[in-house]
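Chemist: Got a structure for you, written out below as structure tokens; questions coming shortly.
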Protein chains: 2
Amino acid sequence: MKKLNVGIYGLGLIGGSLAKALSRSSPDLTIMGYDRNRKRLHMSLKDGTITEVLKGTKYEELDVLFLAIPVERSKEVGKKLIARLRTDAILTDCGSVKKPICDELSEFTKGPFFVGGHPIAGTEKSGYENCFGDLFKSRVVFLTPYTGTPASKIRMVKSLWKRTGARVLEVEAGYHDHVFAFVSHLPHIVAYSLVHAVATFDSELPLGYSAGGFKDFTRIASSDPTMWSEIMVENKREIVMALRHFKKNLSQLETLIRGEDVPGMNRYFNLSKKKRDSI
Amino acid sequence: MKKLNVGIYGLGLIGGSLAKALSRSSPDLTIMGYDRNRKRLHMSLKDGTITEVLKGTKYEELDVLFLAIPVERSKEVGKKLIARLRTDAILTDCGSVKKPICDELSEFTKGPFFVGGHPIAGTEKSGYENCFGDLFKSRVVFLTPYTGTPASKIRMVKSLWKRTGARVLEVEAGYHDHVFAFVSHLPHIVAYSLVHAVATFDSELPLGYSAGGFKDFTRIASSDPTMWSEIMVENKREIVMALRHFKKNLSQLETLIRGEDVPGMNRYFNLSKKKRDSI
């Protein structure tokens, strides 16, 4: 099998973990990495995570380039980088919102190729110093290829992700953003708001005492603020819609509570419990 | 030391676990139990969790009686049971809301004595079949005694809870309900609403895919619906207040999202993150 050259642009939690997972599982790959933070770049070279620094004419040697930078910069940087690739090479990304970047790069179905990607993995901690090769193990990676993208190019990206231990699923970009507004973005909004409510309350509340409670429930409010501000902007349309639907459901429950409607609350809670138990 | 007679009225998750913890740690106790479910009562006798069935004149032998039944029935049942105790005996409870029952039994500071209690422990699973002796280990139990209650009586309840491995703190009943509206009741409302929103959405959403996400975040929406309906009624005043404050904070964030106000979102998320990280 031909030796592949894989580039990883951005060596934070996602890019760093990807580089580690690939370098560990795949001695047949040459892994070139880049990060604008020189200290981080040096660290990844020194510990053997990347084989060499990705720069200059190295881009022309790449078969696949992974973009692993904040979603807000991905469109612009992606557009610049794909112009430096060979016409048989592939650019793929790791952003949490897919429609904006897929719309921006929709011309790249003939080579070089763009294949949208979103690994469903992460921790509350960001940065290369927190990355690890098992981050994607048993996780799902969504790919959002265009209908015109050659199957061989999709297969190539898929096979690289599989080497990290991930399962790969294909989905349409707009549908991806619609679903993630509900299953990820809305929960973050709610968790941030809940902690914000407590932080701005007019009396000091001791928070460590709830059993099934506050601490576990609000874990995701420790996530990276900058990353989440960007996601809010990128997926605003879907998020606003999901938020509207959530507020309607919250108001329904509030009405039941104010009216001390126990049968109504039982029905409401039972429906939620049934849904939750089915996940 | 005098052999103590301890009664436990209600052998569900809390009462059953308490009986198991006490019978295991304290051979000096006689543990009498009661549950209106005869099968459950029989089970607890057969497996040695309780020493004998609590009934008839046995109430007069009790030194301490724990009430471990749903919060909605606690006031009425508590009032009936305390009338059957000796004047030196103590009734204590395990309810999640404290002011209603403490207001109802406020005359009992002279003997028999009422001492409000709330063990901060539980799982999504209820019933004797899910109880276990370690449920209270390293957990906090709040006691909400009246100012007029003799210290020796409070100490007695405290010492029994300590035998389960719990840490005991005293707090005023109204303040307890105020704090728990925020740290426990509000998170449950939000989690139930979030799952309800997803369950009533007009398209099927695949929920198993969010990394930090939906499944973990909504775990508490699997809690017992009946119990939570009762808590909503019992602590309605504090809950409505907490909910109003939450909705205000949610609207603030929505305004920032709609306006794509990235610096504003960063400030909002940072304040939440800082607060959450400090727990």
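Each chain in the structure tokens gets a letter, A, B, ..., in the order shown, and its residues are numbered from 1; ligands are numbered from 1 in order too.
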Select, as a ChimeraX atom specification, those residues of chain A with any atom no more than 7 Å from chain B (distances computed using only C-alpha atoms).
Modeler: /A:120-123,140,179,183-184,187,192-197,199,205,207-214,217,220-222,225-226,229,232-233,236,245-246,249-250,257,260,262,265-266,269-273,275-277,279
Chemist: For the selection just defined, write its residues with N, CA and C atoms to a file, as a short mmCIF file (atom, residue, chain, number, x, y, z; two decimals), in the first residue's frame.
Modeler:
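Ended up saving to again.cif:
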data_model
loop_
_atom_site.label_atom_id
_atom_site.label_comp_id
_atom_site.auth_asym_id
_atom_site.auth_seq_id
_atom_site.Cartn_x
_atom_site.Cartn_y
_atom_site.Cartn_z
N ILE A 120 -17.54 13.43 17.20
CA ILE A 120 -18.33 13.70 18.40
C ILE A 120 -17.51 13.27 19.61
N ALA A 121 -16.56 14.10 19.93
CA ALA A 121 -15.67 13.79 21.05
C ALA A 121 -15.16 15.09 21.61
N GLY A 122 -14.76 15.06 22.83
CA GLY A 122 -14.26 16.27 23.45
C GLY A 122 -14.38 16.13 24.95
N THR A 123 -13.73 17.03 25.64
CA THR A 123 -13.82 17.07 27.09
C THR A 123 -14.04 18.54 27.44
N VAL A 140 -18.42 8.48 17.69
CA VAL A 140 -18.96 8.59 16.34
C VAL A 140 -18.35 9.80 15.65
N VAL A 179 -30.04 18.58 14.13
CA VAL A 179 -30.01 17.63 15.24
C VAL A 179 -29.11 18.14 16.37
N VAL A 183 -29.41 18.25 20.47
CA VAL A 183 -28.75 17.29 21.36
C VAL A 183 -27.49 17.84 22.01
N SER A 184 -26.98 18.95 21.50
CA SER A 184 -25.74 19.46 22.07
C SER A 184 -25.78 20.97 22.36
N PRO A 187 -28.60 21.94 25.11
CA PRO A 187 -28.16 21.60 26.48
C PRO A 187 -27.07 22.51 27.03
N TYR A 192 -25.36 26.62 30.76
CA TYR A 192 -24.73 27.92 31.00
C TYR A 192 -25.72 28.87 31.69
N SER A 193 -26.98 28.88 31.24
CA SER A 193 -27.98 29.78 31.81
C SER A 193 -28.28 29.43 33.26
N LEU A 194 -28.34 28.15 33.54
CA LEU A 194 -28.64 27.70 34.89
C LEU A 194 -27.54 28.14 35.86
N VAL A 195 -26.31 27.96 35.47
CA VAL A 195 -25.21 28.38 36.34
C VAL A 195 -25.16 29.90 36.41
N HIS A 196 -25.46 30.55 35.29
CA HIS A 196 -25.48 32.01 35.29
C HIS A 196 -26.55 32.53 36.25
N ALA A 197 -27.69 31.86 36.27
CA ALA A 197 -28.77 32.25 37.18
C ALA A 197 -28.31 32.15 38.63
N ALA A 199 -25.17 32.18 39.65
CA ALA A 199 -24.07 33.13 39.87
C ALA A 199 -24.58 34.56 40.08
N LEU A 205 -25.54 30.86 47.40
CA LEU A 205 -26.13 29.54 47.52
C LEU A 205 -25.04 28.47 47.62
N LEU A 207 -23.56 25.14 46.78
CA LEU A 207 -23.91 24.34 45.60
C LEU A 207 -23.47 22.89 45.64
N GLY A 208 -22.66 22.56 46.61
CA GLY A 208 -22.07 21.23 46.59
C GLY A 208 -22.95 20.12 47.14
N TYR A 209 -24.18 20.43 47.52
CA TYR A 209 -24.95 19.47 48.31
C TYR A 209 -26.01 18.66 47.59
N SER A 210 -26.29 18.94 46.35
CA SER A 210 -27.38 18.22 45.72
C SER A 210 -26.92 16.85 45.26
N ALA A 211 -27.73 15.85 45.54
CA ALA A 211 -27.29 14.47 45.31
C ALA A 211 -27.13 14.16 43.83
N GLY A 212 -28.23 14.22 43.08
CA GLY A 212 -28.16 13.79 41.69
C GLY A 212 -27.95 14.96 40.80
N GLY A 213 -27.46 16.00 41.30
CA GLY A 213 -27.83 17.33 41.05
C GLY A 213 -26.94 18.27 40.34
N PHE A 214 -26.83 19.36 40.99
CA PHE A 214 -26.31 20.55 40.35
C PHE A 214 -24.94 20.35 39.72
N PHE A 217 -25.05 17.93 36.72
CA PHE A 217 -25.94 18.47 35.70
C PHE A 217 -25.27 19.60 34.91
N ILE A 220 -21.23 20.51 31.78
CA ILE A 220 -20.94 21.07 30.46
C ILE A 220 -20.82 22.60 30.46
N ALA A 221 -21.23 23.25 31.57
CA ALA A 221 -21.05 24.71 31.65
C ALA A 221 -19.58 25.06 31.92
N SER A 222 -18.74 24.05 32.06
CA SER A 222 -17.30 24.29 32.19
C SER A 222 -16.60 24.26 30.84
N PRO A 225 -15.62 28.74 26.65
CA PRO A 225 -16.53 29.82 26.27
C PRO A 225 -16.36 30.31 24.83
N THR A 226 -15.12 30.49 24.38
CA THR A 226 -14.89 31.01 23.03
C THR A 226 -15.44 30.06 21.97
N SER A 229 -19.27 30.39 21.94
CA SER A 229 -19.76 31.61 21.32
C SER A 229 -19.77 31.46 19.81
N MET A 232 -22.60 29.26 18.60
CA MET A 232 -23.87 29.98 18.65
C MET A 232 -24.08 30.83 17.39
N VAL A 233 -23.00 31.46 16.97
CA VAL A 233 -23.09 32.29 15.77
C VAL A 233 -23.28 31.42 14.52
N LYS A 236 -26.76 29.68 14.47
CA LYS A 236 -27.79 30.54 15.07
C LYS A 236 -29.21 30.17 14.66
N HIS A 245 -38.61 26.27 20.90
CA HIS A 245 -39.37 25.06 21.25
C HIS A 245 -39.14 24.67 22.72
N PHE A 246 -37.91 24.82 23.19
CA PHE A 246 -37.62 24.52 24.60
C PHE A 246 -38.40 25.45 25.53
N ASN A 249 -41.95 24.47 25.94
CA ASN A 249 -42.10 23.32 26.82
C ASN A 249 -41.87 23.68 28.29
N LEU A 250 -40.92 24.59 28.52
CA LEU A 250 -40.68 25.05 29.90
C LEU A 250 -41.90 25.79 30.44
N ILE A 257 -47.05 23.67 37.26
CA ILE A 257 -46.55 23.87 38.63
C ILE A 257 -47.37 24.94 39.34
N GLU A 260 -50.58 23.75 40.43
CA GLU A 260 -50.48 22.54 41.27
C GLU A 260 -51.23 21.37 40.62
N VAL A 262 -51.17 18.15 39.60
CA VAL A 262 -50.38 16.93 39.81
C VAL A 262 -50.57 15.90 38.68
N MET A 265 -48.61 17.22 35.78
CA MET A 265 -47.16 17.09 35.98
C MET A 265 -46.74 15.63 35.82
N ASN A 266 -47.53 14.73 36.38
CA ASN A 266 -47.18 13.30 36.24
C ASN A 266 -47.08 12.90 34.77
N PHE A 269 -43.87 14.59 33.27
CA PHE A 269 -42.63 13.94 33.73
C PHE A 269 -42.53 12.52 33.18
N ASN A 270 -43.66 11.83 33.09
CA ASN A 270 -43.64 10.47 32.57
C ASN A 270 -43.22 10.42 31.10
N LEU A 271 -43.73 11.38 30.32
CA LEU A 271 -43.34 11.42 28.91
C LEU A 271 -41.83 11.65 28.79
N SER A 272 -41.31 12.57 29.60
CA SER A 272 -39.87 12.86 29.58
C SER A 272 -39.07 11.64 30.01
N LYS A 273 -39.51 11.04 31.10
CA LYS A 273 -38.77 9.87 31.62
C LYS A 273 -38.74 8.73 30.59
N LYS A 275 -38.97 8.97 27.34
CA LYS A 275 -38.07 9.36 26.26
C LYS A 275 -36.61 9.18 26.70
N ARG A 276 -36.29 9.68 27.88
CA ARG A 276 -34.92 9.60 28.37
C ARG A 276 -34.47 8.16 28.56
N ASP A 277 -35.35 7.34 29.12
CA ASP A 277 -35.00 5.94 29.35
C ASP A 277 -34.77 5.19 28.04
N ILE A 279 -33.17 6.28 25.42
CA ILE A 279 -31.92 6.64 24.71
C ILE A 279 -30.88 5.53 24.84
#
Chemist: Please identify the strand (DSSP E) residues within segment 50-251 of chain B (assignment by DSSP from backbone atoms) and present them as a ChimeraX atom specification.
Modeler: /B:52-53,64-67,90-93,113-119,140-144,167-170
Chemist: Suppose you want the space between atom CA of Lys39 of chain B and atom CA of Leu11 of chain B; what is it in Å?
Modeler: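 According to the coordinates, atom CA of Lys39 of chain B and atom CA of Leu11 of chain B are separated by 10.8 Å.
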Chemist: What separation in Å, quoted to one decimal, exists between atom CA of Ala151 of chain B and atom CA of Ile69 of chain B?
Modeler: 25.8 Å
Chemist: With DSSP run on the backbone, what are the alpha helix (DSSP H) residues within segment 51-115 of chain A? I'd like them as a PyMOL selection string.
Modeler: chain A and resi 71-82+99-104
Chemist: Write out as a PDB file with all heavy atoms, in the first residue's frame the residues lying within 8 Å of segment 157-173 of chain B, counting only C-alpha atoms and excluding same-chain residues fewer than 5 positions away.
Modeler:
ATOM      1  N   LEU B  18     -31.723   2.968  54.719  1.00  0.00           N
ATOM      2  CA  LEU B  18     -31.443   3.374  56.103  1.00  0.00           C
ATOM      3  C   LEU B  18     -31.479   2.156  57.024  1.00  0.00           C
ATOM      4  O   LEU B  18     -30.581   1.957  57.855  1.00  0.00           O
ATOM      5  CB  LEU B  18     -32.469   4.421  56.548  1.00  0.00           C
ATOM      6  CG  LEU B  18     -32.394   4.908  57.994  1.00  0.00           C
ATOM      7  CD1 LEU B  18     -31.036   5.521  58.304  1.00  0.00           C
ATOM      8  CD2 LEU B  18     -33.518   5.915  58.284  1.00  0.00           C
ATOM      9  N   ALA B  21     -28.371   0.086  56.387  1.00  0.00           N
ATOM     10  CA  ALA B  21     -27.166   0.718  56.914  1.00  0.00           C
ATOM     11  C   ALA B  21     -27.113   0.592  58.433  1.00  0.00           C
ATOM     12  O   ALA B  21     -26.060   0.304  59.012  1.00  0.00           O
ATOM     13  CB  ALA B  21     -27.126   2.189  56.504  1.00  0.00           C
ATOM     14  N   LEU B  22     -28.243   0.785  59.106  1.00  0.00           N
ATOM     15  CA  LEU B  22     -28.268   0.727  60.564  1.00  0.00           C
ATOM     16  C   LEU B  22     -28.129  -0.705  61.071  1.00  0.00           C
ATOM     17  O   LEU B  22     -27.411  -0.956  62.048  1.00  0.00           O
ATOM     18  CB  LEU B  22     -29.559   1.359  61.101  1.00  0.00           C
ATOM     19  CG  LEU B  22     -29.685   2.885  60.954  1.00  0.00           C
ATOM     20  CD1 LEU B  22     -31.028   3.362  61.498  1.00  0.00           C
ATOM     21  CD2 LEU B  22     -28.532   3.606  61.675  1.00  0.00           C
ATOM     22  N   SER B  25     -24.463  -1.695  60.705  1.00  0.00           N
ATOM     23  CA  SER B  25     -23.460  -1.004  61.527  1.00  0.00           C
ATOM     24  C   SER B  25     -23.730  -1.114  63.023  1.00  0.00           C
ATOM     25  O   SER B  25     -22.826  -0.912  63.824  1.00  0.00           O
ATOM     26  CB  SER B  25     -23.418   0.481  61.147  1.00  0.00           C
ATOM     27  OG  SER B  25     -24.627   1.123  61.524  1.00  0.00           O
ATOM     28  N   SER B  26     -24.964  -1.405  63.403  1.00  0.00           N
ATOM     29  CA  SER B  26     -25.345  -1.228  64.798  1.00  0.00           C
ATOM     30  C   SER B  26     -26.115  -2.406  65.377  1.00  0.00           C
ATOM     31  O   SER B  26     -27.337  -2.394  65.437  1.00  0.00           O
ATOM     32  CB  SER B  26     -26.204   0.041  64.917  1.00  0.00           C
ATOM     33  OG  SER B  26     -25.603   1.127  64.271  1.00  0.00           O
ATOM     34  N   VAL B  64     -36.733   6.453  68.522  1.00  0.00           N
ATOM     35  CA  VAL B  64     -36.710   7.335  67.344  1.00  0.00           C
ATOM     36  C   VAL B  64     -37.505   6.676  66.222  1.00  0.00           C
ATOM     37  O   VAL B  64     -37.340   5.483  65.960  1.00  0.00           O
ATOM     38  CB  VAL B  64     -35.260   7.587  66.848  1.00  0.00           C
ATOM     39  CG1 VAL B  64     -35.269   8.492  65.625  1.00  0.00           C
ATOM     40  CG2 VAL B  64     -34.400   8.207  67.953  1.00  0.00           C
ATOM     41  N   THR B  92     -38.600  11.872  63.137  1.00  0.00           N
ATOM     42  CA  THR B  92     -37.812  12.635  62.165  1.00  0.00           C
ATOM     43  C   THR B  92     -38.227  12.152  60.776  1.00  0.00           C
ATOM     44  O   THR B  92     -38.829  11.086  60.652  1.00  0.00           O
ATOM     45  CB  THR B  92     -36.295  12.473  62.420  1.00  0.00           C
ATOM     46  OG1 THR B  92     -35.567  13.292  61.499  1.00  0.00           O
ATOM     47  CG2 THR B  92     -35.843  11.026  62.257  1.00  0.00           C
ATOM     48  N   LYS B  98     -38.743  20.933  53.306  1.00  0.00           N
ATOM     49  CA  LYS B  98     -38.787  20.918  54.757  1.00  0.00           C
ATOM     50  C   LYS B  98     -39.768  21.887  55.414  1.00  0.00           C
ATOM     51  O   LYS B  98     -40.309  21.601  56.477  1.00  0.00           O
ATOM     52  CB  LYS B  98     -37.379  21.175  55.336  1.00  0.00           C
ATOM     53  CG  LYS B  98     -36.356  20.122  54.975  1.00  0.00           C
ATOM     54  CD  LYS B  98     -36.229  18.965  55.956  1.00  0.00           C
ATOM     55  CE  LYS B  98     -37.419  18.213  56.372  1.00  0.00           C
ATOM     56  NZ  LYS B  98     -37.917  17.229  55.384  1.00  0.00           N
ATOM     57  N   LYS B  99     -40.017  23.057  54.828  1.00  0.00           N
ATOM     58  CA  LYS B  99     -40.833  24.040  55.530  1.00  0.00           C
ATOM     59  C   LYS B  99     -42.281  23.570  55.776  1.00  0.00           C
ATOM     60  O   LYS B  99     -42.784  23.714  56.905  1.00  0.00           O
ATOM     61  CB  LYS B  99     -40.807  25.385  54.796  1.00  0.00           C
ATOM     62  CG  LYS B  99     -41.223  26.555  55.698  1.00  0.00           C
ATOM     63  CD  LYS B  99     -40.814  27.883  55.116  1.00  0.00           C
ATOM     64  CE  LYS B  99     -41.692  29.031  55.598  1.00  0.00           C
ATOM     65  NZ  LYS B  99     -42.136  28.969  56.997  1.00  0.00           N
ATOM     66  N   CYS B 102     -42.329  21.055  58.681  1.00  0.00           N
ATOM     67  CA  CYS B 102     -41.851  21.685  59.922  1.00  0.00           C
ATOM     68  C   CYS B 102     -42.885  22.685  60.447  1.00  0.00           C
ATOM     69  O   CYS B 102     -43.078  22.809  61.663  1.00  0.00           O
ATOM     70  CB  CYS B 102     -40.503  22.367  59.692  1.00  0.00           C
ATOM     71  SG  CYS B 102     -39.166  21.172  59.470  1.00  0.00           S
ATOM     72  N   VAL B 115     -38.041  16.427  64.545  1.00  0.00           N
ATOM     73  CA  VAL B 115     -36.815  17.002  63.973  1.00  0.00           C
ATOM     74  C   VAL B 115     -36.847  16.744  62.466  1.00  0.00           C
ATOM     75  O   VAL B 115     -36.795  15.582  62.024  1.00  0.00           O
ATOM     76  CB  VAL B 115     -35.549  16.358  64.591  1.00  0.00           C
ATOM     77  CG1 VAL B 115     -34.291  16.926  63.928  1.00  0.00           C
ATOM     78  CG2 VAL B 115     -35.497  16.582  66.095  1.00  0.00           C
ATOM     79  N   GLY B 116     -36.979  17.797  61.676  1.00  0.00           N
ATOM     80  CA  GLY B 116     -36.996  17.636  60.227  1.00  0.00           C
ATOM     81  C   GLY B 116     -35.653  17.142  59.709  1.00  0.00           C
ATOM     82  O   GLY B 116     -34.607  17.528  60.228  1.00  0.00           O
ATOM     83  N   GLY B 133     -27.200  -0.562  51.572  1.00  0.00           N
ATOM     84  CA  GLY B 133     -26.696  -0.002  52.826  1.00  0.00           C
ATOM     85  C   GLY B 133     -25.686   1.111  52.682  1.00  0.00           C
ATOM     86  O   GLY B 133     -25.435   1.847  53.639  1.00  0.00           O
ATOM     87  N   ASP B 134     -25.109   1.270  51.497  1.00  0.00           N
ATOM     88  CA  ASP B 134     -24.104   2.314  51.305  1.00  0.00           C
ATOM     89  C   ASP B 134     -24.671   3.603  50.725  1.00  0.00           C
ATOM     90  O   ASP B 134     -23.902   4.521  50.410  1.00  0.00           O
ATOM     91  CB  ASP B 134     -22.996   1.806  50.368  1.00  0.00           C
ATOM     92  CG  ASP B 134     -21.949   1.026  51.138  1.00  0.00           C
ATOM     93  OD1 ASP B 134     -21.843   1.226  52.362  1.00  0.00           O
ATOM     94  OD2 ASP B 134     -21.228   0.211  50.510  1.00  0.00           O
ATOM     95  N   PHE B 136     -26.003   6.187  51.881  1.00  0.00           N
ATOM     96  CA  PHE B 136     -25.739   7.466  52.568  1.00  0.00           C
ATOM     97  C   PHE B 136     -24.262   7.711  52.868  1.00  0.00           C
ATOM     98  O   PHE B 136     -23.901   8.727  53.430  1.00  0.00           O
ATOM     99  CB  PHE B 136     -26.548   7.523  53.870  1.00  0.00           C
ATOM    100  CG  PHE B 136     -28.009   7.245  53.646  1.00  0.00           C
ATOM    101  CD1 PHE B 136     -28.580   6.054  54.063  1.00  0.00           C
ATOM    102  CD2 PHE B 136     -28.808   8.165  52.981  1.00  0.00           C
ATOM    103  CE1 PHE B 136     -29.916   5.782  53.832  1.00  0.00           C
ATOM    104  CE2 PHE B 136     -30.154   7.895  52.744  1.00  0.00           C
ATOM    105  CZ  PHE B 136     -30.712   6.708  53.174  1.00  0.00           C
ATOM    106  N   LYS B 137     -23.445   6.767  52.481  1.00  0.00           N
ATOM    107  CA  LYS B 137     -22.011   6.862  52.760  1.00  0.00           C
ATOM    108  C   LYS B 137     -21.431   8.122  52.115  1.00  0.00           C
ATOM    109  O   LYS B 137     -21.589   8.328  50.916  1.00  0.00           O
ATOM    110  CB  LYS B 137     -21.314   5.619  52.210  1.00  0.00           C
ATOM    111  CG  LYS B 137     -20.123   5.197  53.017  1.00  0.00           C
ATOM    112  CD  LYS B 137     -19.558   3.900  52.498  1.00  0.00           C
ATOM    113  CE  LYS B 137     -18.099   3.787  52.925  1.00  0.00           C
ATOM    114  NZ  LYS B 137     -17.501   2.549  52.427  1.00  0.00           N
ATOM    115  N   SER B 138     -20.768   8.941  52.922  1.00  0.00           N
ATOM    116  CA  SER B 138     -20.143  10.194  52.463  1.00  0.00           C
ATOM    117  C   SER B 138     -21.149  11.213  51.925  1.00  0.00           C
ATOM    118  O   SER B 138     -20.749  12.185  51.290  1.00  0.00           O
ATOM    119  CB  SER B 138     -19.078   9.940  51.402  1.00  0.00           C
ATOM    120  OG  SER B 138     -18.156   9.001  51.871  1.00  0.00           O
ATOM    121  N   ARG B 139     -22.421  10.988  52.145  1.00  0.00           N
ATOM    122  CA  ARG B 139     -23.434  11.954  51.735  1.00  0.00           C
ATOM    123  C   ARG B 139     -23.707  12.932  52.870  1.00  0.00           C
ATOM    124  O   ARG B 139     -23.294  12.701  54.003  1.00  0.00           O
ATOM    125  CB  ARG B 139     -24.740  11.226  51.381  1.00  0.00           C
ATOM    126  CG  ARG B 139     -24.626  10.348  50.169  1.00  0.00           C
ATOM    127  CD  ARG B 139     -24.238  11.135  48.970  1.00  0.00           C
ATOM    128  NE  ARG B 139     -24.357  10.370  47.735  1.00  0.00           N
ATOM    129  CZ  ARG B 139     -24.393  10.922  46.537  1.00  0.00           C
ATOM    130  NH1 ARG B 139     -24.294  12.232  46.403  1.00  0.00           N
ATOM    131  NH2 ARG B 139     -24.487  10.181  45.470  1.00  0.00           N
ATOM    132  N   VAL B 140     -24.434  13.996  52.549  1.00  0.00           N
ATOM    133  CA  VAL B 140     -24.820  14.963  53.573  1.00  0.00           C
ATOM    134  C   VAL B 140     -26.277  14.737  53.952  1.00  0.00           C
ATOM    135  O   VAL B 140     -27.115  14.467  53.088  1.00  0.00           O
ATOM    136  CB  VAL B 140     -24.627  16.407  53.061  1.00  0.00           C
ATOM    137  CG1 VAL B 140     -25.278  17.419  54.009  1.00  0.00           C
ATOM    138  CG2 VAL B 140     -23.148  16.715  52.903  1.00  0.00           C
ATOM    139  N   VAL B 141     -26.566  14.806  55.250  1.00  0.00           N
ATOM    140  CA  VAL B 141     -27.947  14.805  55.722  1.00  0.00           C
ATOM    141  C   VAL B 141     -28.193  16.156  56.389  1.00  0.00           C
ATOM    142  O   VAL B 141     -27.424  16.570  57.260  1.00  0.00           O
ATOM    143  CB  VAL B 141     -28.209  13.669  56.737  1.00  0.00           C
ATOM    144  CG1 VAL B 141     -29.617  13.796  57.327  1.00  0.00           C
ATOM    145  CG2 VAL B 141     -28.021  12.315  56.074  1.00  0.00           C
ATOM    146  N   PHE B 142     -29.230  16.860  55.927  1.00  0.00           N
ATOM    147  CA  PHE B 142     -29.588  18.123  56.562  1.00  0.00           C
ATOM    148  C   PHE B 142     -30.641  17.866  57.627  1.00  0.00           C
ATOM    149  O   PHE B 142     -31.621  17.156  57.373  1.00  0.00           O
ATOM    150  CB  PHE B 142     -30.155  19.104  55.533  1.00  0.00           C
ATOM    151  CG  PHE B 142     -29.113  19.760  54.704  1.00  0.00           C
ATOM    152  CD1 PHE B 142     -28.874  19.337  53.397  1.00  0.00           C
ATOM    153  CD2 PHE B 142     -28.353  20.795  55.217  1.00  0.00           C
ATOM    154  CE1 PHE B 142     -27.896  19.936  52.625  1.00  0.00           C
ATOM    155  CE2 PHE B 142     -27.363  21.411  54.448  1.00  0.00           C
ATOM    156  CZ  PHE B 142     -27.141  20.975  53.156  1.00  0.00           C
ATOM    157  N   LEU B 143     -30.443  18.455  58.810  1.00  0.00           N
ATOM    158  CA  LEU B 143     -31.480  18.452  59.837  1.00  0.00           C
ATOM    159  C   LEU B 143     -31.970  19.886  59.989  1.00  0.00           C
ATOM    160  O   LEU B 143     -31.176  20.833  59.922  1.00  0.00           O
ATOM    161  CB  LEU B 143     -30.941  17.931  61.169  1.00  0.00           C
ATOM    162  CG  LEU B 143     -30.478  16.468  61.188  1.00  0.00           C
ATOM    163  CD1 LEU B 143     -30.046  16.060  62.597  1.00  0.00           C
ATOM    164  CD2 LEU B 143     -31.550  15.521  60.662  1.00  0.00           C
ATOM    165  N   THR B 144     -33.298  20.016  60.166  1.00  0.00           N
ATOM    166  CA  THR B 144     -33.884  21.361  60.303  1.00  0.00           C
ATOM    167  C   THR B 144     -34.685  21.440  61.618  1.00  0.00           C
ATOM    168  O   THR B 144     -35.893  21.584  61.600  1.00  0.00           O
ATOM    169  CB  THR B 144     -34.821  21.657  59.114  1.00  0.00           C
ATOM    170  OG1 THR B 144     -35.881  20.686  59.084  1.00  0.00           O
ATOM    171  CG2 THR B 144     -34.089  21.604  57.790  1.00  0.00           C
ATOM    172  N   PRO B 145     -33.973  21.337  62.754  1.00  0.00           N
ATOM    173  CA  PRO B 145     -34.663  21.361  64.047  1.00  0.00           C
ATOM    174  C   PRO B 145     -35.214  22.746  64.364  1.00  0.00           C
ATOM    175  O   PRO B 145     -34.739  23.744  63.818  1.00  0.00           O
ATOM    176  CB  PRO B 145     -33.564  20.991  65.038  1.00  0.00           C
ATOM    177  CG  PRO B 145     -32.295  21.417  64.368  1.00  0.00           C
ATOM    178  CD  PRO B 145     -32.507  21.232  62.895  1.00  0.00           C
TER     179      PRO B 145
END
Chemist: At a cut-off of 7 Å, using only C-alpha atoms, what residues contact segment 45-58 of chain A? Leave out same-chain residues fewer than 6 positions from it and give the result as a VMD selection string.
Modeler: chain A and resid 7 19 to 20 23 30 to 34
Chemist: For Leu65 of chain B, find every residue with an atom within 9 Å (counting only C-alpha atoms), except residues of its own chain fewer than 2 positions away, and show them as number ranges by chain.
Modeler: B: 5-9, 59, 62-63, 67, 81-82, 85, 89-93
Chemist: Have a look at atom CA of Arg155 of chain A and atom CA of Asp35 of chain A and let me know their distance in Å, one decimal.
Modeler: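 Interatomic distance, atom CA of Arg155 of chain A to atom CA of Asp35 of chain A: 26.7 Å.
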Chemist: Have a look at B:Val97, B:Gly10, B:Arg24, B:His42 and name the one nearest to Val77 of chain B; count only C-alpha atoms.
Modeler: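 When distances to Val77 of chain B are compared using only C-alpha atoms, the smallest one comes from B:Gly10.
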